[in-house]
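Single-structure report; data block below.
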Amino acid sequence: MVKLLELLGRNADFTPAELSAMLGKSEDEVKKEIEAYKEQGIIKGKKTIIDWGKVPDAEVRAIIELKVTPKPETGFDETADIVMSYDNVESVYLAASSRYDLIALVKGNTIQEIAEFVSKRLSTLENVIGTATSFVLNTYKQDNEIFGNESDEEEQRSMIL
Amino acid sequence: MDYSRLLNNKIQELKPSGIRKFFDIANEMDHVISLSIGEPDFTTPWHVRQEGIESLRRGRTWYSPNRGFAELRSQISKYYARRFNVEYDPDKEILVSVGGSEAIDLCIRAIVQQGDEVLIPQPSFVCYEPMTVMADGTPVIIRTKAENEFRLTAAELEAAITPRTKLLILPFPNNPTGAVMRREHLEEIAKVIEKHNILVLSDEIYGELTYGKQRHVSFADIPHMKERTIVVSGFSKAYAMTGWRLGYALGPEEVITQMTKLHQYAIMSAPTTAQYAAIEALKHGDADIERMREEYDMRRRLIVDGFCKMGLTCFEPEGAFYCFPSIQISGKTSEQFCEELIYAQHVAIVPGTAFGEYGEGFARVSYSYSLNHIKEALARIERFLDETK
């Protein structure tokens with residue numbers, strides 16, 4: 001049931017008891033479903049959402065678009081495989097837009113380090129015919145969390161009666 | 001200067017609303033989690049806001065007709081027929097007001113005169129009693145009980161009626177208890193109403209927010225009741241449009257005509273921008289209602305389950321976005337409980353007594369907050385109970 005996944009996507013800390021109350025199912029059912037999702041590789045794990053922009057001396061992040069010539073049998077998979085094997089690559093998506101095919105989210109200690117990674121490791125790949133790099137200057141929202149001033153998150157509703 | 005001699009005695013004697021106090025304490029504290037606010041946490045759906053913006057862009061900034069735009073009244077008429085099975089003539093039986101609250105005031109003032117008794121089931125929203133007093137009426141409070149799931153029973157109603165009874169306020173789905181009246185309960189009430197020839201103000205502002213399989217039944221949908229019922233509702237709760245200040249009254253032409261006179265002199269017309277947005281909401285907003293209702297329902301289940309597990313017994317609320325747990329096992333009064341809770345764990349809820357003396361022993365908890373927010377608040381309340389055992 002997608003609703004269960006949607007709830008876990010909002011807060012990984014919801015307990016089976018809480019989930020069962022929200023969904024009107026038994027706790028055992030919920031536990032079984034979660035196990036099944038894990039076995040099917042649908043639930044991959046959980047992590048903490050971090051606003052890196054607030055961490056002093058934090059790493060730099062960039063979005064790198066790659067124009068790739070697809071291969072007859074494997075399409076874009078072979079290039080994606082190579083790109084995602086690098087530890088500094090956080091995510092890789094197939095986009096297949098008119099301009100670019102693969103999108104990679106990359107982190108590095110400095111802008112130079114990322115620039116070098118793109119020019120030496122990615123641009124030189126056999127099937128890559130172009131790249132475009134955009135550095136992340138500020139994160140407004142990520143994983144459904146809105147980042148910004150804490151004061152923006154304050155209650156704006158008034159008690160009127 | 002001694003203003004007390006110059007000001008109206010009745011208004012000086014009105015008590016200020018008791019909901020505010022804990023909110024004010026909360027505002028002075030850091031890291032407070034509040035479950036006290038009684039309005040949707042959702043923002044108005046974007047397509048509805050866009051229509052408001054569009055009307056401004058086109059310079060539609062004039063007064064609307066006194067009764068509200070004809071197009072809006074026509075849409076309200078279709079909406080009530082579609083959702084609640086009651087038909088109203090858009091030209092004669094509908095008045096667009098500044099929120100449901102204005103319509104409640106107009107209705108009471110149009111009906112009640114010196115010495116008339118107005119029956120008010122409590123716990124309920126705080127405005128009925130002061131408005132009755134200001135209209136020279138006499139409020140007669142009917143206590144609804146936890147063992148009846150805070151419904152009004154025919155016997156309770158019958159017992160409160162005197163020859164001077166003029167109007168019954170029917171506040172369901174109920175704020176603060178979350179109680180609803182099903183068709184069979186309304187039919188019992190209707191028998192008493194007909195027998196004694198009284199009018200009914202049915203405050204159906206939470207009518208879209210009922211949970212489970214049975215939808216809200218309008219009192220006007222009960223046979224013979226349409227002719228003696230004034231339905232008050234609005235856009236605030238159903239479409240998350242509180243700040244737009246738009247509501248309406250539906251009722252017999254004879255009553256609506258008198259209410260319209262009062263509205264004309266006191267208010268003139270409801271906000272123009274809000275009316276354009278509301279037309280869009282009625283035309284294309286059914287899916288928004290459903291989306292928000294589903295979200296409220298999950299919160300409701302989480303919070304009721306949480307309270308029951310802590311031993312704060314809580315009958316299952318089937319409407320609005322409040323639950324009304326009993327705090328009697330704590331041995332404290334509602335005021336004490338809420339005050340100690342806010343100081344000890346920084347959680348703000350409202351004592352049941354803010355909704356009338358019969359709310360003693362209970363607290364109103366709003367679940368118009370995110371699931372994460374509710375989860376954290378429940379954990380704190382549990383800690384509070386453990387530490388004060």
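Ligands are numbered from 1 in the order shown, chains are lettered A, B, ... in the order of the structure tokens, and residues start at 1 in each chain.
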*asked:* If the cut-off is 12 Å, can you tell me the residues of chain A near chain B, counting only C-alpha atoms? I'd like them as a count of residues only.
replied: 31
A:Tyr93 surroundings by only C-alpha atoms, 10 Å radius, close-in-sequence under 6 positions cut, as a ChimeraX atom specification: /A:65,80,84,101-105
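Interatomic distance, atom CA of B:Ala320 to atom CA of B:Ala238: 9.8 Å.
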Q.
Give me the residues near B:Met29 as a PyMOL selection string, where near means some atom within 12 Å (using only C-alpha atoms) and where sequence neighbours in that chain fewer than 6 positions away do not count.
A. chain B and resi 22-23+342-348
Exercise for the section: Apply DSSP to the backbone of this structure and, from stretch 168-211 of chain B, keep only the residues in strand (DSSP E or B); write these as a list in words. Expected result: Leu168, Ile169, Leu170, Leu199, Val200, Leu201, Ser202, Asp203 and Thr210 of chain B
Go ahead and save the residues from that selection, with N, CA and C atoms, as a short mmCIF file (atom, residue, chain, number, x, y, z; two decimals), in the first residue's frame.
data_model
loop_
_atom_site.label_atom_id
_atom_site.label_comp_id
_atom_site.auth_asym_id
_atom_site.auth_seq_id
_atom_site.Cartn_x
_atom_site.Cartn_y
_atom_site.Cartn_z
N LEU B 168 -33.22 26.81 18.56
CA LEU B 168 -32.20 25.84 18.99
C LEU B 168 -30.96 26.02 18.14
N ILE B 169 -29.82 26.11 18.79
CA ILE B 169 -28.55 26.10 18.06
C ILE B 169 -28.11 24.64 17.95
N LEU B 170 -27.81 24.21 16.73
CA LEU B 170 -27.40 22.82 16.52
C LEU B 170 -25.96 22.81 15.98
N LEU B 199 -37.49 27.29 15.86
CA LEU B 199 -36.56 27.39 14.74
C LEU B 199 -35.20 26.79 15.13
N VAL B 200 -34.42 26.46 14.11
CA VAL B 200 -33.11 25.84 14.35
C VAL B 200 -32.02 26.56 13.56
N LEU B 201 -30.96 26.91 14.24
CA LEU B 201 -29.76 27.42 13.55
C LEU B 201 -28.78 26.26 13.51
N SER B 202 -28.58 25.68 12.33
CA SER B 202 -27.69 24.53 12.21
C SER B 202 -26.33 25.01 11.72
N ASP B 203 -25.36 25.01 12.63
CA ASP B 203 -24.02 25.50 12.28
C ASP B 203 -23.23 24.33 11.68
N THR B 210 -16.09 15.10 8.05
CA THR B 210 -16.53 13.96 8.84
C THR B 210 -15.76 12.75 8.34
#
Residues near stretch 135-146 of chain B, anyone? I mean within 7 Å using only C-alpha atoms, not counting same-chain ones fewer than 4 positions away, as an mmCIF file with N, CA, C and O atoms, in the first residue's frame.
data_model
loop_
_atom_site.group_PDB
_atom_site.id
_atom_site.type_symbol
_atom_site.label_atom_id
_atom_site.label_comp_id
_atom_site.auth_asym_id
_atom_site.auth_seq_id
_atom_site.Cartn_x
_atom_site.Cartn_y
_atom_site.Cartn_z
ATOM 1 N N ARG B 109 -29.877 37.637 15.721
ATOM 2 C CA ARG B 109 -30.493 38.964 15.853
ATOM 3 C C ARG B 109 -31.796 39.086 15.068
ATOM 4 O O ARG B 109 -32.687 39.840 15.443
ATOM 5 N N VAL B 112 -34.292 36.557 17.536
ATOM 6 C CA VAL B 112 -34.453 36.626 18.990
ATOM 7 C C VAL B 112 -34.833 38.032 19.455
ATOM 8 O O VAL B 112 -34.271 39.020 18.976
ATOM 9 N N GLN B 113 -35.786 38.112 20.359
ATOM 10 C CA GLN B 113 -36.062 39.393 21.017
ATOM 11 C C GLN B 113 -36.183 39.186 22.526
ATOM 12 O O GLN B 113 -36.142 38.056 23.019
ATOM 13 N N GLN B 114 -36.330 40.300 23.235
ATOM 14 C CA GLN B 114 -36.369 40.308 24.696
ATOM 15 C C GLN B 114 -37.174 39.136 25.257
ATOM 16 O O GLN B 114 -38.340 38.954 24.892
ATOM 17 N N GLY B 115 -36.518 38.367 26.114
ATOM 18 C CA GLY B 115 -37.223 37.291 26.805
ATOM 19 C C GLY B 115 -37.240 35.954 26.073
ATOM 20 O O GLY B 115 -37.599 34.938 26.653
ATOM 21 N N ASP B 116 -36.864 35.944 24.806
ATOM 22 C CA ASP B 116 -36.839 34.674 24.067
ATOM 23 C C ASP B 116 -35.711 33.787 24.580
ATOM 24 O O ASP B 116 -34.609 34.265 24.836
ATOM 25 N N GLU B 117 -35.999 32.521 24.674
ATOM 26 C CA GLU B 117 -34.951 31.592 25.107
ATOM 27 C C GLU B 117 -34.305 30.900 23.903
ATOM 28 O O GLU B 117 -34.987 30.453 22.987
ATOM 29 N N VAL B 118 -32.987 30.847 23.954
ATOM 30 C CA VAL B 118 -32.211 30.198 22.897
ATOM 31 C C VAL B 118 -31.503 28.999 23.513
ATOM 32 O O VAL B 118 -30.767 29.140 24.494
ATOM 33 N N LEU B 119 -31.744 27.827 22.947
ATOM 34 C CA LEU B 119 -31.141 26.605 23.493
ATOM 35 C C LEU B 119 -29.767 26.382 22.880
ATOM 36 O O LEU B 119 -29.620 26.338 21.656
ATOM 37 N N ILE B 120 -28.773 26.266 23.739
ATOM 38 C CA ILE B 120 -27.389 26.123 23.276
ATOM 39 C C ILE B 120 -26.761 24.877 23.898
ATOM 40 O O ILE B 120 -26.475 24.858 25.089
ATOM 41 N N PRO B 121 -26.583 23.811 23.094
ATOM 42 C CA PRO B 121 -25.878 22.645 23.629
ATOM 43 C C PRO B 121 -24.413 23.019 23.901
ATOM 44 O O PRO B 121 -23.787 23.717 23.101
ATOM 45 N N GLN B 122 -23.895 22.589 25.030
ATOM 46 C CA GLN B 122 -22.486 22.814 25.358
ATOM 47 C C GLN B 122 -21.895 21.525 25.888
ATOM 48 O O GLN B 122 -22.619 20.742 26.484
ATOM 49 N N PRO B 123 -20.583 21.281 25.702
ATOM 50 C CA PRO B 123 -19.556 22.150 25.139
ATOM 51 C C PRO B 123 -19.809 22.470 23.656
ATOM 52 O O PRO B 123 -20.204 21.598 22.894
ATOM 53 N N GLU B 129 -23.513 32.041 22.960
ATOM 54 C CA GLU B 129 -24.034 32.607 24.199
ATOM 55 C C GLU B 129 -23.928 34.144 24.209
ATOM 56 O O GLU B 129 -24.938 34.823 24.415
ATOM 57 N N MET B 131 -23.666 36.226 21.760
ATOM 58 C CA MET B 131 -24.497 36.826 20.713
ATOM 59 C C MET B 131 -25.970 36.812 21.111
ATOM 60 O O MET B 131 -26.719 37.734 20.800
ATOM 61 N N PHE B 150 -21.365 13.020 23.269
ATOM 62 C CA PHE B 150 -21.584 14.470 23.155
ATOM 63 C C PHE B 150 -22.611 14.849 22.089
ATOM 64 O O PHE B 150 -22.572 15.933 21.528
ATOM 65 N N ARG B 151 -23.552 13.909 21.828
ATOM 66 C CA ARG B 151 -24.664 14.262 20.941
ATOM 67 C C ARG B 151 -25.771 14.897 21.771
ATOM 68 O O ARG B 151 -25.876 14.637 22.972
ATOM 69 N N LEU B 152 -26.600 15.672 21.105
ATOM 70 C CA LEU B 152 -27.799 16.188 21.761
ATOM 71 C C LEU B 152 -28.879 15.126 21.628
ATOM 72 O O LEU B 152 -29.134 14.643 20.519
ATOM 73 N N TYR B 358 -19.546 22.786 31.265
ATOM 74 C CA TYR B 358 -19.674 21.336 31.155
ATOM 75 C C TYR B 358 -18.486 20.695 30.435
ATOM 76 O O TYR B 358 -18.444 19.483 30.240
#
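If you look at atom CA of B:Glu387 and atom CA of B:His31, they are 19.4 Å away from each other.
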